[in-house]
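Listing of input14.cif, mmCIF, C-alpha atoms
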data_run
#
loop_
_atom_site.group_PDB
_atom_site.id
_atom_site.type_symbol
_atom_site.label_atom_id
_atom_site.label_comp_id
_atom_site.auth_asym_id
_atom_site.auth_seq_id
_atom_site.Cartn_x
_atom_site.Cartn_y
_atom_site.Cartn_z
ATOM 1 C CA MET A 27 -29.606 41.627 -26.752
ATOM 2 C CA THR A 28 -31.581 38.490 -26.547
ATOM 3 C CA GLU A 29 -31.113 36.590 -23.339
ATOM 4 C CA LYS A 30 -31.201 32.821 -23.775
ATOM 5 C CA LYS A 31 -32.674 30.801 -21.023
ATOM 6 C CA GLU A 32 -32.433 27.043 -20.640
ATOM 7 C CA ASN A 33 -35.396 25.089 -19.520
ATOM 8 C CA ARG A 34 -34.341 23.064 -16.529
ATOM 9 C CA ARG A 35 -36.177 20.120 -15.095
ATOM 10 C CA GLU A 36 -35.955 19.170 -11.520
ATOM 11 C CA MET A 37 -36.174 15.472 -10.812
ATOM 12 C CA VAL A 38 -37.065 14.244 -7.379
ATOM 13 C CA VAL A 39 -35.791 10.773 -6.500
ATOM 14 C CA GLN A 40 -37.622 9.050 -3.738
ATOM 15 C CA VAL A 41 -35.467 6.691 -1.700
ATOM 16 C CA SER A 42 -37.189 3.888 0.144
ATOM 17 C CA ASP A 43 -36.215 2.925 3.660
ATOM 18 C CA SER A 44 -34.545 -0.210 2.327
ATOM 19 C CA GLN A 45 -32.242 1.900 0.099
ATOM 20 C CA ALA A 46 -31.263 4.453 2.715
ATOM 21 C CA ILE A 47 -27.752 4.244 4.197
ATOM 22 C CA THR A 48 -27.982 3.905 7.954
ATOM 23 C CA LEU A 49 -25.719 2.798 10.760
ATOM 24 C CA ILE A 50 -26.058 -0.802 11.897
ATOM 25 C CA GLY A 51 -25.410 -0.977 15.611
ATOM 26 C CA THR A 52 -23.031 1.598 17.036
ATOM 27 C CA PRO A 53 -19.599 2.591 15.647
ATOM 28 C CA SER A 54 -17.969 2.164 19.055
ATOM 29 C CA LYS A 55 -19.179 -1.427 19.333
ATOM 30 C CA ARG A 56 -18.138 -2.165 15.759
ATOM 31 C CA ILE A 57 -14.619 -0.918 16.487
ATOM 32 C CA LYS A 58 -14.531 -2.801 19.772
ATOM 33 C CA ASP A 59 -15.454 -6.055 17.996
ATOM 34 C CA GLY A 60 -12.861 -5.384 15.312
ATOM 35 C CA GLN A 61 -10.164 -4.681 17.897
ATOM 36 C CA ALA A 62 -11.035 -7.891 19.740
ATOM 37 C CA ALA A 63 -10.670 -9.873 16.513
ATOM 38 C CA ALA A 64 -7.421 -8.068 15.637
ATOM 39 C CA LYS A 65 -5.983 -8.795 19.079
ATOM 40 C CA GLU A 66 -6.622 -12.511 18.720
ATOM 41 C CA LEU A 67 -5.277 -12.471 15.168
ATOM 42 C CA MET A 68 -1.955 -11.026 16.361
ATOM 43 C CA LYS A 69 -1.465 -14.103 18.562
ATOM 44 C CA VAL A 70 -1.555 -16.548 15.662
ATOM 45 C CA ALA A 71 -0.844 -14.594 12.463
ATOM 46 C CA ARG A 72 2.372 -15.226 10.554
ATOM 47 C CA PRO A 73 2.659 -12.058 8.468
ATOM 48 C CA ILE A 74 5.335 -11.383 5.874
ATOM 49 C CA ASP A 75 7.560 -8.322 6.298
ATOM 50 C CA LEU A 76 7.983 -6.461 3.004
ATOM 51 C CA GLY A 77 9.901 -3.224 3.195
ATOM 52 C CA GLY A 78 9.045 -2.766 6.861
ATOM 53 C CA LYS A 79 5.306 -3.303 6.325
ATOM 54 C CA MET A 80 3.492 -6.414 7.538
ATOM 55 C CA TYR A 81 1.290 -8.260 5.041
ATOM 56 C CA LEU A 82 -1.076 -11.096 5.951
ATOM 57 C CA ARG A 83 -1.071 -14.407 4.099
ATOM 58 C CA TYR A 84 -4.220 -16.055 2.778
ATOM 59 C CA GLU A 85 -4.340 -18.324 5.831
ATOM 60 C CA ASP A 86 -4.414 -15.265 8.093
ATOM 61 C CA TRP A 87 -7.315 -13.781 6.104
ATOM 62 C CA GLN A 88 -9.136 -17.097 6.530
ATOM 63 C CA THR A 89 -8.620 -16.778 10.279
ATOM 64 C CA ILE A 90 -10.236 -13.339 10.337
ATOM 65 C CA GLY A 91 -13.127 -14.717 8.304
ATOM 66 C CA ALA A 92 -13.596 -17.542 10.801
ATOM 67 C CA PHE A 93 -13.905 -14.975 13.612
ATOM 68 C CA PHE A 94 -16.991 -13.579 11.897
ATOM 69 C CA GLY A 95 -18.463 -16.838 10.613
ATOM 70 C CA LEU A 96 -17.332 -16.278 7.029
ATOM 71 C CA MET A 97 -15.739 -18.672 4.563
ATOM 72 C CA ALA A 98 -14.188 -18.062 1.130
ATOM 73 C CA GLY A 99 -14.508 -20.404 -1.828
ATOM 74 C CA ALA A 100 -13.058 -20.185 -5.340
ATOM 75 C CA GLU A 101 -14.394 -21.502 -8.628
ATOM 76 C CA ASP A 102 -12.303 -23.499 -11.111
ATOM 77 C CA ALA A 103 -9.514 -21.463 -12.693
ATOM 78 C CA GLU A 104 -9.756 -20.887 -16.424
ATOM 79 C CA PRO A 105 -6.984 -20.121 -18.964
ATOM 80 C CA VAL A 106 -6.693 -16.482 -20.069
ATOM 81 C CA THR A 107 -4.358 -14.306 -22.103
ATOM 82 C CA VAL A 108 -3.742 -10.772 -20.877
ATOM 83 C CA GLY A 109 -1.605 -8.462 -22.976
ATOM 84 C CA GLY A 110 -0.186 -11.435 -24.829
ATOM 85 C CA VAL A 111 0.782 -13.220 -21.588
ATOM 86 C CA GLU A 112 -0.900 -16.538 -20.805
ATOM 87 C CA GLY A 113 -2.076 -17.523 -17.376
ATOM 88 C CA PHE A 114 -5.166 -18.280 -15.327
ATOM 89 C CA LYS A 115 -8.124 -16.394 -13.912
ATOM 90 C CA ALA A 116 -10.413 -17.430 -11.039
ATOM 91 C CA SER A 117 -13.372 -15.947 -9.194
ATOM 92 C CA ALA A 118 -14.184 -16.372 -5.518
ATOM 93 C CA VAL A 119 -16.922 -15.428 -3.078
ATOM 94 C CA VAL A 120 -17.149 -15.066 0.689
ATOM 95 C CA ARG A 121 -20.263 -16.517 2.292
ATOM 96 C CA LYS A 122 -21.810 -16.580 5.727
ATOM 97 C CA VAL A 123 -21.341 -20.066 7.124
ATOM 98 C CA SER A 124 -24.721 -19.835 8.833
ATOM 99 C CA ASP A 125 -26.918 -19.406 5.749
ATOM 100 C CA GLY A 126 -24.678 -19.222 2.681
ATOM 101 C CA THR A 127 -25.337 -15.528 1.999
ATOM 102 C CA VAL A 128 -22.682 -14.047 -0.297
ATOM 103 C CA VAL A 129 -21.093 -10.974 1.302
ATOM 104 C CA SER A 130 -18.113 -10.369 -1.000
ATOM 105 C CA SER A 131 -16.644 -11.476 -4.332
ATOM 106 C CA ALA A 132 -13.439 -10.940 -6.285
ATOM 107 C CA THR A 133 -11.425 -12.101 -9.285
ATOM 108 C CA GLY A 134 -7.763 -13.084 -9.220
ATOM 109 C CA TYR A 135 -5.136 -13.646 -11.925
ATOM 110 C CA CYS A 136 -1.802 -15.431 -12.129
ATOM 111 C CA LEU A 137 0.179 -15.106 -15.349
ATOM 112 C CA HIS A 138 3.392 -16.589 -16.799
ATOM 113 C CA GLU A 139 5.543 -13.621 -15.762
ATOM 114 C CA GLY A 140 7.905 -12.563 -12.995
ATOM 115 C CA ASN A 141 8.403 -15.273 -10.392
ATOM 116 C CA TRP A 142 5.755 -17.374 -12.168
ATOM 117 C CA LEU A 143 7.444 -17.412 -15.566
ATOM 118 C CA LYS A 144 8.768 -20.974 -15.236
ATOM 119 C CA ARG A 145 6.072 -22.433 -13.000
ATOM 120 C CA GLU A 146 3.777 -25.246 -14.122
ATOM 121 C CA LYS A 147 0.214 -24.505 -15.159
ATOM 122 C CA PHE A 148 -1.410 -26.140 -12.146
ATOM 123 C CA SER A 149 0.609 -23.836 -9.862
ATOM 124 C CA LEU A 150 -0.646 -20.769 -11.713
ATOM 125 C CA ALA A 151 -4.227 -22.025 -11.588
ATOM 126 C CA SER A 152 -3.975 -22.638 -7.855
ATOM 127 C CA MET A 153 -2.480 -19.211 -7.192
ATOM 128 C CA ALA A 154 -5.222 -17.537 -9.224
ATOM 129 C CA GLN A 155 -7.775 -19.191 -6.909
ATOM 130 C CA THR A 156 -5.800 -18.201 -3.803
ATOM 131 C CA ARG A 157 -5.532 -14.597 -4.927
ATOM 132 C CA ALA A 158 -9.226 -14.400 -5.719
ATOM 133 C CA ALA A 159 -10.249 -15.847 -2.338
ATOM 134 C CA ALA A 160 -7.775 -13.663 -0.419
ATOM 135 C CA LYS A 161 -9.018 -10.558 -2.240
ATOM 136 C CA ALA A 162 -12.663 -11.437 -1.540
ATOM 137 C CA LEU A 163 -11.865 -11.763 2.179
ATOM 138 C CA ARG A 164 -9.872 -8.549 2.062
ATOM 139 C CA ASN A 165 -12.815 -6.675 0.522
ATOM 140 C CA ALA A 166 -14.960 -7.546 3.526
ATOM 141 C CA LEU A 167 -12.445 -7.636 6.372
ATOM 142 C CA SER A 168 -9.485 -5.356 5.656
ATOM 143 C CA TRP A 169 -10.698 -2.988 8.381
ATOM 144 C CA VAL A 170 -9.930 -5.690 10.964
ATOM 145 C CA ALA A 171 -6.427 -6.248 9.579
ATOM 146 C CA VAL A 172 -5.714 -2.507 9.714
ATOM 147 C CA LEU A 173 -6.847 -2.359 13.344
ATOM 148 C CA GLY A 174 -4.213 -5.031 14.035
ATOM 149 C CA GLY A 175 -1.451 -2.938 12.473
ATOM 150 C CA TYR A 176 -1.257 -4.921 9.214
ATOM 151 C CA GLU A 177 -1.528 -3.755 5.615
ATOM 152 C CA GLY A 178 -4.936 -4.139 3.998
ATOM 153 C CA THR A 179 -3.582 -6.010 0.945
ATOM 154 C CA PRO A 180 -2.966 -9.794 1.018
ATOM 155 C CA VAL A 181 0.696 -10.658 0.466
ATOM 156 C CA GLU A 182 -0.333 -12.869 -2.476
ATOM 157 C CA GLU A 183 -1.383 -9.730 -4.360
ATOM 158 C CA MET A 184 1.954 -7.972 -3.939
ATOM 159 C CA PRO A 185 4.217 -7.566 -6.998
ATOM 160 C CA ASP A 186 7.329 -9.688 -7.501
ATOM 161 C CA LYS A 187 9.684 -6.822 -6.783
ATOM 162 C CA MET A 188 9.920 -3.775 -4.559
ATOM 163 C CA GLU A 189 9.976 -0.322 -6.155
ATOM 164 C CA ASP A 190 13.800 -0.382 -6.099
ATOM 165 C CA GLY A 191 13.852 -3.679 -8.019
ATOM 166 C CA THR A 192 14.660 -5.893 -5.022
ATOM 167 C CA PRO A 193 12.862 -9.263 -5.263
ATOM 168 C CA ILE A 194 10.155 -9.412 -2.620
ATOM 169 C CA GLU A 195 11.105 -12.845 -1.334
ATOM 170 C CA THR A 196 14.563 -11.536 -0.373
ATOM 171 C CA ALA A 197 13.659 -7.986 0.604
ATOM 172 C CA PRO A 198 15.288 -7.210 3.995
ATOM 173 C CA ARG A 199 13.542 -5.336 6.773
ATOM 174 C CA PRO A 200 14.992 -1.827 6.975
ATOM 175 C CA ASN A 201 16.460 -1.536 10.458
ATOM 176 C CA SER A 202 19.378 0.739 11.337
ATOM 177 C CA ASN A 203 19.465 -0.498 14.930
ATOM 178 C CA GLY A 204 19.759 -4.234 14.336
ATOM 179 C CA TYR A 205 21.810 -6.559 16.533
ATOM 180 C CA ALA A 206 23.879 -9.743 16.398
ATOM 181 C CA CYS A 207 23.319 -12.987 18.275
ATOM 182 C CA ILE A 208 24.752 -12.516 21.766
ATOM 183 C CA LYS A 209 25.905 -16.151 21.778
ATOM 184 C CA CYS A 210 27.693 -16.617 18.427
ATOM 185 C CA GLY A 211 27.718 -13.105 16.979
ATOM 186 C CA GLY A 212 25.787 -14.144 13.856
ATOM 187 C CA ALA A 213 22.676 -12.685 12.207
ATOM 188 C CA ILE A 214 19.334 -13.087 13.937
ATOM 189 C CA TYR A 215 15.618 -13.203 13.205
ATOM 190 C CA ASP A 216 13.362 -10.492 14.610
ATOM 191 C CA ASN A 217 10.156 -12.503 15.102
ATOM 192 C CA ARG A 218 8.187 -9.805 16.889
ATOM 193 C CA ILE A 219 4.930 -8.365 15.570
ATOM 194 C CA ASN A 220 4.886 -4.586 15.455
ATOM 195 C CA ASN A 221 1.496 -2.895 15.699
ATOM 196 C CA ALA A 222 -0.224 0.129 17.181
ATOM 197 C CA ASP A 223 0.118 -1.308 20.706
ATOM 198 C CA GLY A 224 3.869 -1.883 20.331
ATOM 199 C CA TYR A 225 5.792 -5.099 19.860
ATOM 200 C CA GLN A 226 4.073 -8.422 20.573
ATOM 201 C CA LEU A 227 5.216 -12.053 20.545
ATOM 202 C CA GLN A 228 3.971 -14.418 17.853
ATOM 203 C CA VAL A 229 2.322 -17.667 18.929
ATOM 204 C CA ALA A 230 3.350 -21.032 17.460
ATOM 205 C CA LYS A 231 0.848 -23.710 16.421
ATOM 206 C CA SER A 232 1.785 -25.560 19.610
ATOM 207 C CA GLY A 233 0.209 -22.699 21.565
ATOM 208 C CA LYS A 234 3.506 -21.441 22.958
ATOM 209 C CA ASN A 235 5.005 -18.035 22.311
ATOM 210 C CA ARG A 236 7.660 -17.809 19.634
ATOM 211 C CA PRO A 237 10.957 -16.184 20.633
ATOM 212 C CA ALA A 238 11.179 -12.426 20.168
ATOM 213 C CA PHE A 239 14.662 -12.887 18.676
ATOM 214 C CA SER A 240 16.406 -16.068 17.518
ATOM 215 C CA CYS A 241 19.720 -16.898 15.872
ATOM 216 C CA LYS A 242 19.729 -17.840 12.192
ATOM 217 C CA ASN A 243 22.374 -20.470 12.907
ATOM 218 C CA LYS A 244 20.498 -23.665 13.820
ATOM 219 C CA GLU A 245 23.608 -25.076 15.504
ATOM 220 C CA CYS A 246 23.716 -22.076 17.820
ATOM 221 C CA ALA A 247 19.940 -22.096 18.470
ATOM 222 C CA TRP A 248 20.106 -19.023 20.726
ATOM 223 C CA ALA A 249 16.774 -17.369 21.424
ATOM 224 C CA THR A 250 15.117 -14.925 23.794
ATOM 225 C CA TRP A 251 11.511 -14.099 24.560
ATOM 226 C CA ASP A 252 12.328 -10.589 25.842
ATOM 227 C CA ILE A 253 10.798 -8.146 23.337
ATOM 228 C CA ASP A 254 12.887 -5.181 24.562
ATOM 229 C CA ALA A 255 15.838 -5.109 22.157
ATOM 230 C CA GLY A 256 17.497 -2.317 24.114
ATOM 231 C CA VAL A 257 17.774 -4.588 27.157
ATOM 232 C CA VAL A 258 18.646 -7.810 25.327
ATOM 233 C CA PHE A 259 21.374 -6.315 23.155
ATOM 234 C CA GLU A 260 22.656 -3.569 25.424
ATOM 235 C CA ASN A 261 26.282 -4.618 24.965
ATOM 236 C CA ALA A 262 25.944 -6.498 21.676
ATOM 237 C CA LYS A 263 27.496 -5.551 18.345
ATOM 238 C CA PRO A 264 24.905 -4.110 15.913
ATOM 239 C CA VAL A 265 24.329 -5.886 12.596
ATOM 240 C CA GLU A 266 21.449 -5.943 10.141
ATOM 241 C CA LEU A 267 18.367 -7.795 11.318
ATOM 242 C CA VAL A 268 17.180 -10.326 8.769
ATOM 243 C CA ALA A 269 13.469 -10.449 7.947
ATOM 244 C CA GLU A 270 11.992 -13.943 7.990
ATOM 245 C CA GLU A 271 9.342 -15.008 5.449
ATOM 246 C CA TYR A 272 8.174 -18.264 6.951
ATOM 247 C CA TYR A 273 9.364 -18.963 10.482
ATOM 248 C CA ALA A 274 11.389 -22.184 10.729
ATOM 249 C CA GLU A 275 11.044 -24.060 14.002
ATOM 250 C CA ALA A 276 14.797 -23.944 14.521
ATOM 251 C CA VAL A 277 14.828 -23.316 18.261
ATOM 252 C CA ASP A 278 13.612 -25.310 21.203
ATOM 253 C CA VAL A 279 10.478 -23.650 22.577
ATOM 254 C CA ALA A 280 10.027 -26.093 25.453
ATOM 255 C CA ASP A 281 10.852 -23.379 27.975
ATOM 256 C CA ALA A 282 8.839 -20.685 26.245
ATOM 257 C CA PRO A 283 6.243 -18.898 28.365
ATOM 258 C CA PRO A 284 2.700 -20.118 27.643
ATOM 259 C CA ALA A 285 0.554 -18.193 25.178
ATOM 260 C CA PRO A 286 -2.218 -16.011 26.626
ATOM 261 C CA GLU A 287 -5.653 -17.569 26.780
ATOM 262 C CA VAL A 288 -7.694 -16.961 23.652
ATOM 263 C CA ALA A 289 -10.656 -14.692 24.294
ATOM 264 C CA PRO A 290 -14.079 -15.521 22.801
ATOM 265 C CA ALA A 291 -14.576 -14.345 19.222
ATOM 266 C CA PRO A 292 -16.551 -11.110 18.813
ATOM 267 C CA SER A 293 -20.295 -11.332 18.312
ATOM 268 C CA THR A 294 -21.532 -11.547 14.731
ATOM 269 C CA GLU A 295 -25.154 -10.688 15.476
ATOM 270 C CA ASP A 296 -24.879 -7.200 14.053
ATOM 271 C CA ILE A 297 -22.058 -7.572 11.517
ATOM 272 C CA PRO A 298 -23.150 -5.429 8.509
ATOM 273 C CA PHE A 299 -23.316 -8.160 5.871
#
Please express the file's structure as structure tokens.
Amino acid sequence: MTEKKENRREMVVQVSDSQAITLIGTPSKRIKDGQAAAKELMKVARPIDLGGKMYLRYEDWQTIGAFFGLMAGAEDAEPVTVGGVEGFKASAVVRKVSDGTVVSSATGYCLHEGNWLKREKFSLASMAQTRAAAKALRNALSWVAVLGGYEGTPVEEMPDKMEDGTPIETAPRPNSNGYACIKCGGAIYDNRINNADGYQLQVAKSGKNRPAFSCKNKECAWATWDIDAGVVFENAKPVELVAEEYYAEAVDVADAPPAPEVAPAPSTEDIPF
């Protein structure tokens, strides 16, 4: 029996110091900086609740970028046809504000389909740019969003419908322990932010805390800043809590407790970009 042997060549690849993967700074400091940024984000973010998960809007991703001295910019959208469906495509990059260095890039699409089927072309072009810029920021900074208890995908990238076919813009927050307004008995908004540290109050642009719960009925205008639902609604009749997409300033926040002071943004000296 003849034994066949294959000639094998061994190739040695020399990796220069500049190509080697090494830690920049220390992991503990990196996480500490990320947690500091996430904590400040939770005070001002206005996330969208989809199926019980919190997704950040493009404006929130811009806020995270600002913490680290980063800014996103999109190029002009151009017409495209994908699978026979017309729409627009745009590219975007994230740069360091200090020197213009590009640290991330992405491409976004918006086609004549789903919720965008009857929208005008300029709206599709604009959304393609928004999606591209949001994705570019997400590529570089999703780790910060996750530390804050949010999903790592921008809400603009989410599909039009949930897996069960429910349109996203009307998808309710699953909550079997919801409550009714203790003043009029109607449905309420749950405006709290839920993250790894528990429930937190949102902060309005005025700098004051938003109510933890508020009545949907503007004429009632009931609200409370107590985040403990068990205490607030101890004797109230349970109903389904209604998820809010974009908070409407329907209640008077004049007596709201002041928002916590904003801590300095984390250092960017050793951000790995």
>> Set the distance at 12 Å and use only C-alpha atoms: which residues neighbour region 180-183 of chain A once local chain neighbours fewer than 2 positions away are removed? I'd like the list as a PyMOL selection string.
In response: chain A and resi 72-76+79-88+133-136+152-165+167-168+171-172+176-178+185-187+194-195+271
>> Please determine, counting only C-alpha atoms, which residue among A:Ile47, A:Ile90, A:Val170, A:Arg145 has the shortest atom-to-atom distance to Gly60 (chain A).
In response: A:Val170
Padding 6 Å on every side, please: axis-aligned box over the listed atoms of region 88-91 of chain A, centre and edge lengths to one decimal in Å, as AutoDock Vina command-line options.
--center_x -10.9 --center_y -15.2 --center_z 8.4 --size_x 16.5 --size_y 15.8 --size_z 15.8
> Rounded to one decimal in Å, what is the spacing between CA of Glu245 (chain A) and CA of Met68 (chain A)?
Replying inline: 29.2 Å
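In this model, the gap between CA of Ser131 (chain A) and CA of Val111 (chain A) comes to 24.6 Å.
As for CA of Thr107 (chain A) and CA of Asn141 (chain A), they are spaced 17.3 Å apart.
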Give as a short mmCIF file (atom, residue, chain, number, x, y, z; two decimals) with C-alpha atoms, in the coordinates of the input the residues that the PyMOL selection byres ((chain A and resi 124) around 12) matches when applied to the coordinates above.
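Everything below was put into expr-v8.cif:
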data_model
loop_
_atom_site.label_atom_id
_atom_site.label_comp_id
_atom_site.auth_asym_id
_atom_site.auth_seq_id
_atom_site.Cartn_x
_atom_site.Cartn_y
_atom_site.Cartn_z
CA ALA A 92 -13.60 -17.54 10.80
CA PHE A 94 -16.99 -13.58 11.90
CA GLY A 95 -18.46 -16.84 10.61
CA LEU A 96 -17.33 -16.28 7.03
CA MET A 97 -15.74 -18.67 4.56
CA ARG A 121 -20.26 -16.52 2.29
CA LYS A 122 -21.81 -16.58 5.73
CA VAL A 123 -21.34 -20.07 7.12
CA ASP A 125 -26.92 -19.41 5.75
CA GLY A 126 -24.68 -19.22 2.68
CA THR A 127 -25.34 -15.53 2.00
CA VAL A 128 -22.68 -14.05 -0.30
CA THR A 294 -21.53 -11.55 14.73
CA GLU A 295 -25.15 -10.69 15.48
#
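Here the question is which of A:Glu139, A:Ala71, A:Gly91, A:Ile50 gets nearest to Val108 (chain A) using all atoms listed in the file, and that residue is A:Glu139.
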> Once the PyMOL selection byres ((chain A and resi 119) around 6) has been applied to the shown file, what residues remain in the selection, as a ChimeraX atom specification?
Replying inline: /A:98-99,118,120,130-131
>> Measuring between all atoms listed in the file, which one of A:Val70, A:Cys241, A:Val258, A:Ala249 shows the shortest distance to Tyr215 (chain A)?
In response: A:Cys241
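With distances taken over all atoms listed in the file, A:Gln226 is the one residue among A:Thr48, A:Gln226, A:Thr250, A:Ser54 lying closest to Glu66 (chain A).
Among the candidates A:Lys65, A:Lys209, A:Lys242, A:Lys115, the residue lying nearest to Phe93 (chain A) is A:Lys65 (atoms considered: only C-alpha atoms).
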Would you mind completing region 151-170 of chain A to N, CA and C atoms and writing the output as an mmCIF file, in the frame of the given file?
data_model
loop_
_atom_site.group_PDB
_atom_site.id
_atom_site.type_symbol
_atom_site.label_atom_id
_atom_site.label_comp_id
_atom_site.auth_asym_id
_atom_site.auth_seq_id
_atom_site.Cartn_x
_atom_site.Cartn_y
_atom_site.Cartn_z
ATOM 1 N N ALA A 151 -2.785 -21.909 -11.808
ATOM 2 C CA ALA A 151 -4.227 -22.025 -11.588
ATOM 3 C C ALA A 151 -4.552 -21.957 -10.103
ATOM 4 N N SER A 152 -3.749 -22.638 -9.299
ATOM 5 C CA SER A 152 -3.975 -22.638 -7.855
ATOM 6 C C SER A 152 -3.768 -21.256 -7.258
ATOM 7 N N MET A 153 -2.734 -20.548 -7.720
ATOM 8 C CA MET A 153 -2.480 -19.211 -7.192
ATOM 9 C C MET A 153 -3.569 -18.237 -7.605
ATOM 10 N N ALA A 154 -4.118 -18.398 -8.794
ATOM 11 C CA ALA A 154 -5.222 -17.537 -9.224
ATOM 12 C C ALA A 154 -6.403 -17.699 -8.269
ATOM 13 N N GLN A 155 -6.687 -18.932 -7.861
ATOM 14 C CA GLN A 155 -7.775 -19.191 -6.909
ATOM 15 C C GLN A 155 -7.463 -18.586 -5.548
ATOM 16 N N THR A 156 -6.206 -18.748 -5.102
ATOM 17 C CA THR A 156 -5.800 -18.201 -3.803
ATOM 18 C C THR A 156 -5.914 -16.687 -3.781
ATOM 19 N N ARG A 157 -5.460 -16.052 -4.858
ATOM 20 C CA ARG A 157 -5.532 -14.597 -4.927
ATOM 21 C C ARG A 157 -6.969 -14.100 -4.943
ATOM 22 N N ALA A 158 -7.823 -14.804 -5.654
ATOM 23 C CA ALA A 158 -9.226 -14.400 -5.719
ATOM 24 C C ALA A 158 -9.880 -14.511 -4.341
ATOM 25 N N ALA A 159 -9.642 -15.639 -3.655
ATOM 26 C CA ALA A 159 -10.249 -15.847 -2.338
ATOM 27 C C ALA A 159 -9.701 -14.855 -1.318
ATOM 28 N N ALA A 160 -8.382 -14.610 -1.351
ATOM 29 C CA ALA A 160 -7.775 -13.663 -0.419
ATOM 30 C C ALA A 160 -8.325 -12.254 -0.646
ATOM 31 N N LYS A 161 -8.489 -11.882 -1.922
ATOM 32 C CA LYS A 161 -9.018 -10.558 -2.240
ATOM 33 C C LYS A 161 -10.472 -10.412 -1.792
ATOM 34 N N ALA A 162 -11.264 -11.484 -1.964
ATOM 35 C CA ALA A 162 -12.663 -11.437 -1.540
ATOM 36 C C ALA A 162 -12.755 -11.240 -0.028
ATOM 37 N N LEU A 163 -11.888 -11.932 0.727
ATOM 38 C CA LEU A 163 -11.865 -11.763 2.179
ATOM 39 C C LEU A 163 -11.386 -10.361 2.545
ATOM 40 N N ARG A 164 -10.393 -9.881 1.801
ATOM 41 C CA ARG A 164 -9.872 -8.549 2.062
ATOM 42 C C ARG A 164 -10.931 -7.478 1.831
ATOM 43 N N ASN A 165 -11.765 -7.656 0.813
ATOM 44 C CA ASN A 165 -12.815 -6.675 0.522
ATOM 45 C C ASN A 165 -13.769 -6.505 1.688
ATOM 46 N N ALA A 166 -14.010 -7.595 2.415
ATOM 47 C CA ALA A 166 -14.960 -7.546 3.526
ATOM 48 C C ALA A 166 -14.313 -7.261 4.869
ATOM 49 N N LEU A 167 -13.033 -7.623 5.035
ATOM 50 C CA LEU A 167 -12.445 -7.636 6.372
ATOM 51 C C LEU A 167 -11.140 -6.869 6.524
ATOM 52 N N SER A 168 -10.759 -6.074 5.546
ATOM 53 C CA SER A 168 -9.485 -5.356 5.656
ATOM 54 C C SER A 168 -9.468 -4.406 6.847
ATOM 55 N N TRP A 169 -10.630 -3.914 7.251
ATOM 56 C CA TRP A 169 -10.698 -2.988 8.381
ATOM 57 C C TRP A 169 -10.195 -3.649 9.667
ATOM 58 N N VAL A 170 -10.411 -4.966 9.782
ATOM 59 C CA VAL A 170 -9.930 -5.690 10.964
ATOM 60 C C VAL A 170 -8.408 -5.805 10.915
#
